[in-house]
Structures are given as structure tokens and as C-alpha cells.
file structure.tsv (TSV, C-alpha atoms)
chain	number	residue	atom	x	y	z
U	1	MET	CA	23.14	16.02	-8.68
U	2	SER	CA	20.80	17.10	-5.89
U	3	LYS	CA	19.74	14.75	-3.12
U	4	ILE	CA	17.64	11.84	-4.36
U	5	LEU	CA	14.22	11.67	-2.74
U	6	ILE	CA	12.71	8.21	-2.30
U	7	PHE	CA	9.03	7.65	-1.60
U	8	GLY	CA	6.09	5.29	-1.88
U	9	HIS	CA	2.54	5.99	-3.01
U	10	GLN	CA	-0.02	8.50	-1.74
U	11	ASN	CA	-1.88	7.48	1.45
U	12	PRO	CA	1.18	5.46	2.40
U	13	ASP	CA	0.84	2.09	4.07
U	14	THR	CA	3.54	0.34	6.05
U	15	ASP	CA	5.31	-0.96	2.94
U	16	ALA	CA	5.28	2.44	1.23
U	17	ILE	CA	7.02	4.00	4.23
U	18	GLY	CA	9.11	1.00	5.29
U	19	ALA	CA	10.35	0.37	1.75
U	20	ALA	CA	11.27	4.05	1.32
U	21	ILE	CA	13.26	4.00	4.56
U	22	ALA	CA	14.98	0.74	3.62
U	23	PHE	CA	15.75	1.72	0.03
U	24	ALA	CA	17.13	5.10	1.07
U	25	GLU	CA	19.40	3.37	3.59
U	26	LEU	CA	20.57	0.98	0.86
U	27	GLN	CA	21.33	3.86	-1.49
U	28	LYS	CA	23.35	5.56	1.24
U	29	GLY	CA	25.26	2.32	1.69
U	30	LEU	CA	26.03	2.43	-2.03
U	31	GLY	CA	27.39	5.94	-1.74
U	32	LYS	CA	24.39	7.98	-2.90
U	33	ASP	CA	22.90	11.03	-1.19
U	34	ALA	CA	19.33	9.85	-0.59
U	35	GLU	CA	16.44	10.66	1.74
U	36	ALA	CA	13.21	8.80	2.41
U	37	VAL	CA	10.14	11.02	2.33
U	38	ALA	CA	6.42	10.26	2.38
U	39	LEU	CA	3.33	11.38	0.50
U	40	GLY	CA	1.19	11.37	3.64
U	41	GLU	CA	1.22	10.78	7.37
U	42	PRO	CA	1.80	7.23	8.68
U	43	SER	CA	-1.19	5.15	9.70
U	44	GLU	CA	-1.53	3.86	13.25
U	45	GLU	CA	-0.19	0.50	12.13
U	46	THR	CA	2.86	2.12	10.56
U	47	GLN	CA	3.35	4.42	13.55
U	48	TYR	CA	3.31	1.37	15.82
U	49	ALA	CA	6.22	-0.06	13.83
U	50	LEU	CA	8.09	3.26	13.76
U	51	ASP	CA	7.71	3.65	17.51
U	52	TYR	CA	8.63	0.03	18.23
U	53	PHE	CA	11.87	0.31	16.28
U	54	LYS	CA	12.55	3.89	17.42
U	55	THR	CA	12.56	5.21	13.86
U	56	ALA	CA	11.51	8.71	12.86
U	57	ALA	CA	8.73	8.97	10.30
U	58	PRO	CA	9.90	10.36	6.96
U	59	ARG	CA	8.94	13.98	6.46
U	60	VAL	CA	5.81	14.51	4.38
U	61	VAL	CA	6.12	16.26	1.01
U	62	GLU	CA	3.45	17.45	-1.43
U	63	THR	CA	5.86	18.29	-4.26
U	64	VAL	CA	9.46	17.33	-5.00
U	65	ALA	CA	10.62	19.35	-8.00
U	66	ASN	CA	11.15	22.35	-5.74
U	67	GLU	CA	13.98	20.53	-3.95
U	68	THR	CA	15.37	17.86	-6.28
U	69	ASP	CA	15.60	16.81	-9.90
U	70	SER	CA	15.87	13.07	-9.23
U	71	VAL	CA	13.64	10.59	-7.42
U	72	MET	CA	13.26	6.88	-6.84
U	73	LEU	CA	9.87	5.22	-6.45
U	74	VAL	CA	9.03	2.28	-4.22
U	75	ASP	CA	5.79	0.31	-3.86
U	76	HIS	CA	4.13	2.04	-6.84
U	77	ASN	CA	4.65	3.09	-10.41
U	78	GLU	CA	1.34	4.54	-11.60
U	79	PHE	CA	1.69	8.30	-11.85
U	80	GLN	CA	-1.78	9.05	-10.46
U	81	GLN	CA	-0.68	7.34	-7.23
U	82	SER	CA	2.56	9.31	-7.03
U	83	VAL	CA	3.63	12.82	-6.08
U	84	ALA	CA	1.74	15.64	-7.81
U	85	ASP	CA	4.73	16.88	-9.85
U	86	ILE	CA	6.21	13.48	-10.75
U	87	ALA	CA	6.34	14.52	-14.43
U	88	ASP	CA	8.74	17.35	-13.54
U	89	VAL	CA	11.54	15.18	-12.15
U	90	THR	CA	13.71	12.33	-13.40
U	91	VAL	CA	12.78	8.88	-12.12
U	92	LEU	CA	16.06	7.06	-11.57
U	93	SER	CA	14.69	3.84	-10.17
U	94	VAL	CA	11.50	1.93	-9.39
U	95	VAL	CA	11.18	-1.06	-7.07
U	96	ASP	CA	7.63	-2.40	-6.98
U	97	HIS	CA	5.39	-5.46	-6.76
U	98	HIS	CA	2.25	-4.10	-8.45
U	99	ARG	CA	0.96	-4.05	-12.01
U	100	ILE	CA	2.70	-1.62	-14.38
U	101	ALA	CA	0.35	1.03	-15.77
U	102	ASN	CA	0.28	4.72	-16.70
U	103	PHE	CA	4.05	4.93	-16.40
U	104	GLU	CA	6.63	6.27	-18.83
U	105	THR	CA	9.95	8.08	-18.64
U	106	ALA	CA	12.08	10.06	-21.07
U	107	ASN	CA	15.31	8.39	-19.94
U	108	PRO	CA	16.41	4.84	-19.16
U	109	LEU	CA	16.09	3.81	-15.55
U	110	TYR	CA	16.57	0.92	-13.16
U	111	TYR	CA	13.22	-0.89	-12.91
U	112	ARG	CA	12.66	-3.92	-10.72
U	113	ALA	CA	9.25	-5.47	-10.38
U	114	GLU	CA	8.66	-8.91	-8.92
U	115	PRO	CA	5.42	-10.80	-8.20
U	116	VAL	CA	5.97	-11.09	-4.47
U	117	GLY	CA	3.79	-10.00	-1.58
U	118	CYS	CA	5.77	-6.94	-0.55
U	119	THR	CA	8.22	-4.42	-1.98
U	120	SER	CA	10.40	-4.78	1.10
U	121	THR	CA	10.98	-8.43	0.18
U	122	ILE	CA	12.60	-7.27	-3.04
U	123	ILE	CA	14.67	-4.66	-1.21
U	124	TYR	CA	15.83	-7.33	1.24
U	125	LYS	CA	17.17	-9.27	-1.74
U	126	MET	CA	18.89	-6.13	-3.05
U	127	TYR	CA	20.71	-5.67	0.27
U	128	LYS	CA	21.96	-9.24	-0.04
U	129	GLU	CA	22.97	-8.83	-3.68
U	130	ASN	CA	24.92	-5.66	-2.91
U	131	HIS	CA	26.49	-7.07	0.30
U	132	VAL	CA	25.16	-4.19	2.41
U	133	GLU	CA	24.40	-4.87	6.07
U	134	ILE	CA	20.82	-4.21	7.20
U	135	PRO	CA	20.61	-2.09	10.40
U	136	GLN	CA	18.37	-3.52	13.12
U	137	ALA	CA	15.74	-0.76	12.94
U	138	VAL	CA	15.62	-0.91	9.14
U	139	ALA	CA	15.18	-4.68	9.33
U	140	GLY	CA	12.28	-4.08	11.73
U	141	MET	CA	10.57	-1.71	9.31
U	142	MET	CA	11.05	-4.11	6.39
U	143	LEU	CA	9.66	-6.95	8.49
U	144	SER	CA	6.68	-4.78	9.44
U	145	ALA	CA	6.04	-4.04	5.78
U	146	ILE	CA	6.00	-7.73	4.88
U	147	VAL	CA	3.67	-8.57	7.77
U	148	SER	CA	1.34	-5.74	6.73
U	149	ASP	CA	1.22	-6.51	3.02
U	150	THR	CA	0.79	-10.26	3.49
U	151	LEU	CA	-1.47	-10.02	6.55
U	152	LEU	CA	1.02	-12.17	8.44
U	153	PHE	CA	1.29	-14.56	5.47
U	154	LYS	CA	-2.48	-15.06	5.08
U	155	SER	CA	-2.79	-13.09	1.84
U	156	PRO	CA	-2.75	-14.97	-1.48
U	157	THR	CA	-0.08	-12.50	-2.59
U	158	CYS	CA	2.33	-14.02	-0.08
U	159	THR	CA	5.16	-16.10	-1.52
U	160	ASP	CA	7.79	-18.29	0.04
U	161	GLU	CA	10.25	-15.47	-0.64
U	162	ASP	CA	8.20	-13.18	1.61
U	163	VAL	CA	8.13	-15.76	4.40
U	164	GLN	CA	11.85	-16.43	4.24
U	165	ALA	CA	12.69	-12.71	4.10
U	166	ALA	CA	10.44	-12.03	7.09
U	167	LYS	CA	12.05	-14.78	9.14
U	168	ALA	CA	15.53	-13.47	8.37
U	169	LEU	CA	14.53	-9.88	9.10
U	170	ALA	CA	12.84	-10.85	12.38
U	171	GLU	CA	16.13	-12.39	13.50
U	172	ILE	CA	18.05	-9.20	12.63
U	173	ALA	CA	15.36	-7.05	14.28
U	174	GLY	CA	15.36	-9.22	17.39
U	175	VAL	CA	11.62	-9.87	17.59
U	176	ASP	CA	9.27	-12.85	17.74
U	177	LEU	CA	7.75	-12.79	14.27
U	178	ASP	CA	4.24	-14.04	15.07
U	179	ALA	CA	3.80	-12.15	18.34
U	180	TYR	CA	5.09	-8.86	16.98
U	181	GLY	CA	3.22	-9.25	13.69
U	182	LEU	CA	-0.16	-9.80	15.31
U	183	GLU	CA	0.24	-6.85	17.68
U	184	MET	CA	1.24	-4.58	14.80
U	185	LEU	CA	-1.75	-5.62	12.69
U	186	LYS	CA	-4.11	-5.09	15.61
U	187	ALA	CA	-2.69	-1.59	16.09
U	188	GLY	CA	-4.03	-0.73	12.67
U	189	THR	CA	-7.60	-1.80	13.42
U	190	LYS	CA	-8.49	0.90	15.97
U	191	LEU	CA	-11.15	2.64	13.92
U	192	SER	CA	-13.82	3.95	16.30
U	193	ASP	CA	-12.11	7.29	16.91
U	194	LYS	CA	-11.66	8.08	13.20
U	195	SER	CA	-14.01	10.07	11.00
U	196	VAL	CA	-15.41	8.33	7.92
U	197	GLU	CA	-13.36	10.69	5.75
U	198	VAL	CA	-10.18	9.51	7.47
U	199	LEU	CA	-11.23	5.86	7.20
U	200	LEU	CA	-11.80	6.21	3.46
U	201	ASP	CA	-8.40	7.81	2.97
U	202	LEU	CA	-6.30	5.49	5.14
U	203	ASP	CA	-5.40	3.16	2.28
U	204	ALA	CA	-6.99	4.31	-0.96
U	205	LYS	CA	-5.81	4.24	-4.57
U	206	SER	CA	-7.30	5.38	-7.87
U	207	PHE	CA	-7.32	3.17	-10.95
U	208	PRO	CA	-8.34	4.08	-14.51
U	209	MET	CA	-10.47	1.24	-15.89
U	210	ALA	CA	-11.64	1.65	-19.47
U	211	ASP	CA	-13.14	5.16	-19.48
U	212	LYS	CA	-13.95	5.13	-15.75
U	213	ASN	CA	-12.04	6.44	-12.74
U	214	VAL	CA	-12.33	3.85	-9.98
U	215	ARG	CA	-11.37	4.58	-6.38
U	216	ILE	CA	-10.65	1.56	-4.18
U	217	ALA	CA	-10.11	1.97	-0.44
U	218	GLN	CA	-9.34	-0.78	2.03
U	219	ILE	CA	-9.84	-0.92	5.79
U	220	ASN	CA	-8.52	-3.69	8.03
U	221	THR	CA	-10.60	-4.60	11.06
U	222	VAL	CA	-11.32	-7.39	13.51
U	223	ASP	CA	-15.06	-6.62	13.42
U	224	LEU	CA	-16.91	-6.00	10.14
U	225	ALA	CA	-20.08	-5.01	11.99
U	226	GLU	CA	-18.27	-2.15	13.72
U	227	VAL	CA	-17.42	-0.60	10.36
U	228	PHE	CA	-20.80	-1.19	8.71
U	229	ALA	CA	-22.63	0.35	11.66
U	230	ARG	CA	-21.47	3.59	10.02
U	231	GLN	CA	-22.65	2.64	6.53
U	232	ALA	CA	-24.84	5.71	5.99
U	233	GLU	CA	-21.97	8.02	6.94
U	234	LEU	CA	-19.56	6.10	4.73
U	235	GLU	CA	-21.89	6.21	1.74
U	236	ALA	CA	-22.42	9.96	2.12
U	237	ALA	CA	-18.67	10.56	2.28
U	238	MET	CA	-18.02	8.28	-0.71
U	239	THR	CA	-20.68	10.08	-2.74
U	240	LYS	CA	-19.13	13.42	-1.86
U	241	ALA	CA	-15.67	12.15	-2.83
U	242	ASN	CA	-16.99	10.96	-6.18
U	243	VAL	CA	-18.40	14.38	-6.97
U	244	GLU	CA	-15.42	16.38	-5.75
U	245	ASN	CA	-12.70	14.18	-7.29
U	246	GLY	CA	-14.31	12.87	-10.44
U	247	TYR	CA	-14.50	9.24	-9.35
U	248	ASP	CA	-17.12	7.24	-11.23
U	249	LEU	CA	-17.06	4.34	-8.80
U	250	PHE	CA	-15.92	4.20	-5.17
U	251	ILE	CA	-15.39	0.75	-3.68
U	252	LEU	CA	-14.58	0.23	-0.02
U	253	VAL	CA	-13.07	-3.15	0.85
U	254	VAL	CA	-13.48	-3.91	4.55
U	255	THR	CA	-11.20	-6.82	5.49
U	256	ASN	CA	-11.39	-8.94	8.63
U	257	ILE	CA	-7.74	-9.77	9.35
U	258	LEU	CA	-8.68	-12.62	11.69
U	259	ASP	CA	-11.12	-14.44	9.39
U	260	SER	CA	-9.42	-13.47	6.09
U	261	ASP	CA	-12.69	-12.36	4.47
U	262	SER	CA	-13.88	-9.01	3.14
U	263	GLU	CA	-17.11	-7.15	2.54
U	264	LEU	CA	-17.57	-4.52	-0.16
U	265	LEU	CA	-19.42	-1.23	0.04
U	266	VAL	CA	-20.02	0.28	-3.40
U	267	VAL	CA	-21.09	3.81	-4.35
U	268	GLY	CA	-21.34	5.11	-7.91
U	269	GLU	CA	-21.64	3.46	-11.27
U	270	PRO	CA	-21.32	1.08	-13.00
U	271	LYS	CA	-22.17	-1.25	-10.11
U	272	ALA	CA	-22.89	-3.98	-12.66
U	273	ASN	CA	-19.16	-4.30	-13.27
U	274	VAL	CA	-18.58	-5.00	-9.59
U	275	GLU	CA	-21.23	-7.71	-9.60
U	276	LYS	CA	-19.73	-9.20	-12.76
U	277	ALA	CA	-16.17	-9.10	-11.40
U	278	PHE	CA	-16.98	-11.05	-8.24
U	279	ALA	CA	-20.05	-13.02	-9.35
U	280	VAL	CA	-22.17	-11.40	-6.63
U	281	THR	CA	-25.36	-9.41	-6.35
U	282	LEU	CA	-25.06	-6.22	-4.36
U	283	ASP	CA	-27.60	-5.96	-1.56
U	284	ASN	CA	-27.88	-2.54	0.07
U	285	ASN	CA	-24.70	-1.66	-1.88
U	286	ARG	CA	-22.84	-4.46	-0.11
U	287	ALA	CA	-21.41	-7.87	-0.99
U	288	PHE	CA	-19.49	-10.40	1.10
U	289	LEU	CA	-16.36	-11.88	-0.48
U	290	GLN	CA	-15.18	-15.02	1.27
U	291	GLY	CA	-11.42	-15.48	1.32
U	292	VAL	CA	-10.70	-12.11	-0.30
U	293	VAL	CA	-8.07	-9.99	1.44
U	294	SER	CA	-5.82	-8.62	-1.29
U	295	ARG	CA	-6.77	-5.53	-3.30
U	296	LYS	CA	-3.79	-6.08	-5.59
U	297	LYS	CA	-4.49	-9.71	-6.48
U	298	GLN	CA	-8.15	-10.38	-5.67
U	299	VAL	CA	-9.87	-7.06	-6.44
U	300	VAL	CA	-8.08	-4.89	-9.01
U	301	PRO	CA	-7.44	-7.60	-11.66
U	302	GLN	CA	-11.01	-8.88	-11.48
U	303	LEU	CA	-12.46	-5.39	-11.76
U	304	THR	CA	-10.12	-4.49	-14.61
U	305	GLU	CA	-11.22	-7.60	-16.50
U	306	SER	CA	-14.89	-6.73	-15.98
U	307	PHE	CA	-14.33	-3.33	-17.55
U	308	ASN	CA	-12.48	-4.81	-20.49
call {"tool": "encode", "arguments": {"input": "structure.tsv", "output": "C-alpha cells"}}
result
Amino acid sequence: MSKILIFGHQNPDTDAIGAAIAFAELQKGLGKDAEAVALGEPSEETQYALDYFKTAAPRVVETVANETDSVMLVDHNEFQQSVADIADVTVLSVVDHHRIANFETANPLYYRAEPVGCTSTIIYKMYKENHVEIPQAVAGMMLSAIVSDTLLFKSPTCTDEDVQAAKALAEIAGVDLDAYGLEMLKAGTKLSDKSVEVLLDLDAKSFPMADKNVRIAQINTVDLAEVFARQAELEAAMTKANVENGYDLFILVVTNILDSDSELLVVGEPKANVEKAFAVTLDNNRAFLQGVVSRKKQVVPQLTESFN
């Protein structure tokens, strides 16, 4: 068997990259030839964690069938969020914490999905179950993933398992959990030097809903006004993306990590489904959502229901 490539979703966030690194290290500990790769460059938040723990970023790949016949997926399962030629390789394993959709394989596989705040929380448990020691740098990346996905435990997706895993990993990594976590999150909110195209692609996923193709991007910030000062530019770029990529609806979720609220910017149709999903009326294509921070738990399910 060729080397197993392990990767997270497109436009990788800290969990997609951290979980790939951690799961590849676990597989090596279990005697498998595995390598973590990525489906995009790391964000500034992720790069902060990589630099802090002196860990090299996984190499970026656009296809995998040209170098392996076997892969493992972390932090995603939906094929439209995966590598372009995912249908041409055998998926040996999936570890994820999202909904299961648009996924099928020809052969049996190991599939582990748990309703926790972060994939790295599940992988932490797998290290314990398999009695494999977690290296300090790997623990740091897993901790960073949990902090990122749970917004330092403020997200409604956060569970006690995430908190306990993070505390244990912080001890292995040798960091102060709260101090490190806040600095890492802040590193991901430096937006002024980025083009609107980059902002819209930092953390974006596509979701089929009924007969529509819905694109949902999320930006973390400490100042909503700073982002919406560029609303005209953002709307133009979202409109262009809809046309070029066949999206019916493009929703940008701008999240204030300090206040734990979000504001939506919506381009495309049907906007009525957005208003129905969140019981809001869009004004200038925008709507404020108090207490909403999680795309996975507070945005996608509600939108899906509105389309059904």
C-alpha cells in the first residue's frame, strides 16, 4: 500500500490542519506510513499556532490520486468540501464532528463522528484509547484546534469533553490555556491587510440545500464595523463568486469573538430562506444575530431546515 495521506477540508482552519497533523502522528504510532497534507495554505491563526509550537505546515495538495490510493479524512466528510479527486481514492478512515452528508464509499471503513466541538478532541481520545503518547508540539496543535473551534469555550458547540481535553493538552504542551488561547484567536483577526477575495475564502464551505448551492463563509474579528466598512467590496466579490462558481446564495457570517455575536451579509437568492431561518428581516442585506458564533450548530442546521 502507498503512503496514506491525511487531510482536512478545503480552506483549512486550525482544526483541519491540527487534526491532520495529530491523526497522522497517531497513525505513525500505530505502525502506518502516513503523512498530513492540506487542501490550502494555513490562516494567520493557524500559522501562529504552527510557529508557536515550531511545527512545519503540511504541504498543500490539489489532487491525491497521483501519489496514493488511500486517504483518511479529518474534520469533514462531505465530498464537495474535500480534495478534487476524492472519488478516485479509497477512504480508509474518517474522524469528524460535523453532519454526515454527500458521502459514500465502495468499501467498509473506520468512521468516527462525535457531537463535540472539535475533531481534535476525538483524536485526543483515540490517543488515549490506543495508549500512544502525544508529543508536545502535537498536543499544542490539538489544543489550538480546540480553542479555535470552540472560540475558547464560548461556542455552543463546546462540550465538557472539549474543555477537559484542552486542559490536558495545555499541560502536555506547557502553555497557559487562557493566555495562549486568547493570543492565538487575536492573531486570526488581523483583517485590514487582506483583500475581500481572501477574506471570503479564509473559512468558507459549500452546502447543497434542497436544489440550491449555498456558500457560507465566516470571518472572526474584534470589530464588526471594520469588516462592514468594506461592505460594497464584499458584496461585489460575493456576487462575482456566485456567478463564477454557481452559488445561488452566498452568506458571510462575521463573528465578534469578544462579544460572541455575529452579523450576516447575504448576496443572492433566496434571501427569504435566510430571514425565515433566523427570524430576522434583512436590512441592506445584513442582519445581526445575537449569541450566534457557530456555523456548524447555529447557522447550517437552521438554514437547512428553512430550505426543507
call {"tool": "atom_distance", "arguments": {"input": "structure.tsv", "atom1": "atom CA of U:Val243", "atom2": "atom CA of U:Leu191"}}
result
25.0 Å
call {"tool": "closest_residue", "arguments": {"input": "structure.tsv", "among": "U:Leu249, U:Met209, U:Val214, U:Leu234", "to": "U:Thr304", "atoms": "all atoms listed in the file"}}
result
U:Met209
call {"tool": "closest_residue", "arguments": {"input": "structure.tsv", "among": "U:Gln302, U:Thr63, U:Ser2, U:Gln10", "to": "U:Ala279", "atoms": "all atoms listed in the file"}}
result
U:Gln302
call {"tool": "residues_around", "arguments": {"input": "structure.tsv", "residues": "U:Glu305", "least_positions_apart": "2", "cutoff": "12 Å", "atoms": "all atoms listed in the file", "output": "count of residues only"}}
result
15
call {"tool": "atom_distance", "arguments": {"input": "structure.tsv", "atom1": "atom CA of U:Lys240", "atom2": "atom CA of U:Ser294"}}
result
25.8 Å
call {"tool": "closest_residue", "arguments": {"input": "structure.tsv", "among": "U:Val163, U:Ala237, U:Lys212, U:Val175", "to": "U:Ser195", "atoms": "all atoms listed in the file"}}
result
U:Ala237
call {"tool": "decode", "arguments": {"input": "structure.tsv", "residues": "stretch 203-219 of chain U", "atoms": "C-alpha atoms", "output": "PDB file, in the first residue's frame"}}
result
ATOM      1  CA  ASP U 203     -13.078  29.859   6.099  1.00  0.00           C
ATOM      2  CA  ALA U 204     -15.749  29.055   3.533  1.00  0.00           C
ATOM      3  CA  LYS U 205     -17.740  25.910   2.808  1.00  0.00           C
ATOM      4  CA  SER U 206     -20.400  24.980   0.266  1.00  0.00           C
ATOM      5  CA  PHE U 207     -23.617  23.215   1.242  1.00  0.00           C
ATOM      6  CA  PRO U 208     -26.310  21.781  -1.033  1.00  0.00           C
ATOM      7  CA  MET U 209     -29.704  22.754   0.402  1.00  0.00           C
ATOM      8  CA  ALA U 210     -32.728  21.441  -1.480  1.00  0.00           C
ATOM      9  CA  ASP U 211     -31.967  22.420  -5.091  1.00  0.00           C
ATOM     10  CA  LYS U 212     -29.729  25.365  -4.123  1.00  0.00           C
ATOM     11  CA  ASN U 213     -25.966  25.649  -3.723  1.00  0.00           C
ATOM     12  CA  VAL U 214     -25.285  27.714  -0.614  1.00  0.00           C
ATOM     13  CA  ARG U 215     -21.861  29.141   0.189  1.00  0.00           C
ATOM     14  CA  ILE U 216     -21.238  30.095   3.823  1.00  0.00           C
ATOM     15  CA  ALA U 217     -18.082  31.951   4.817  1.00  0.00           C
ATOM     16  CA  GLN U 218     -17.114  33.017   8.312  1.00  0.00           C
ATOM     17  CA  ILE U 219     -14.745  35.729   9.490  1.00  0.00           C
TER      18      ILE U 219
END
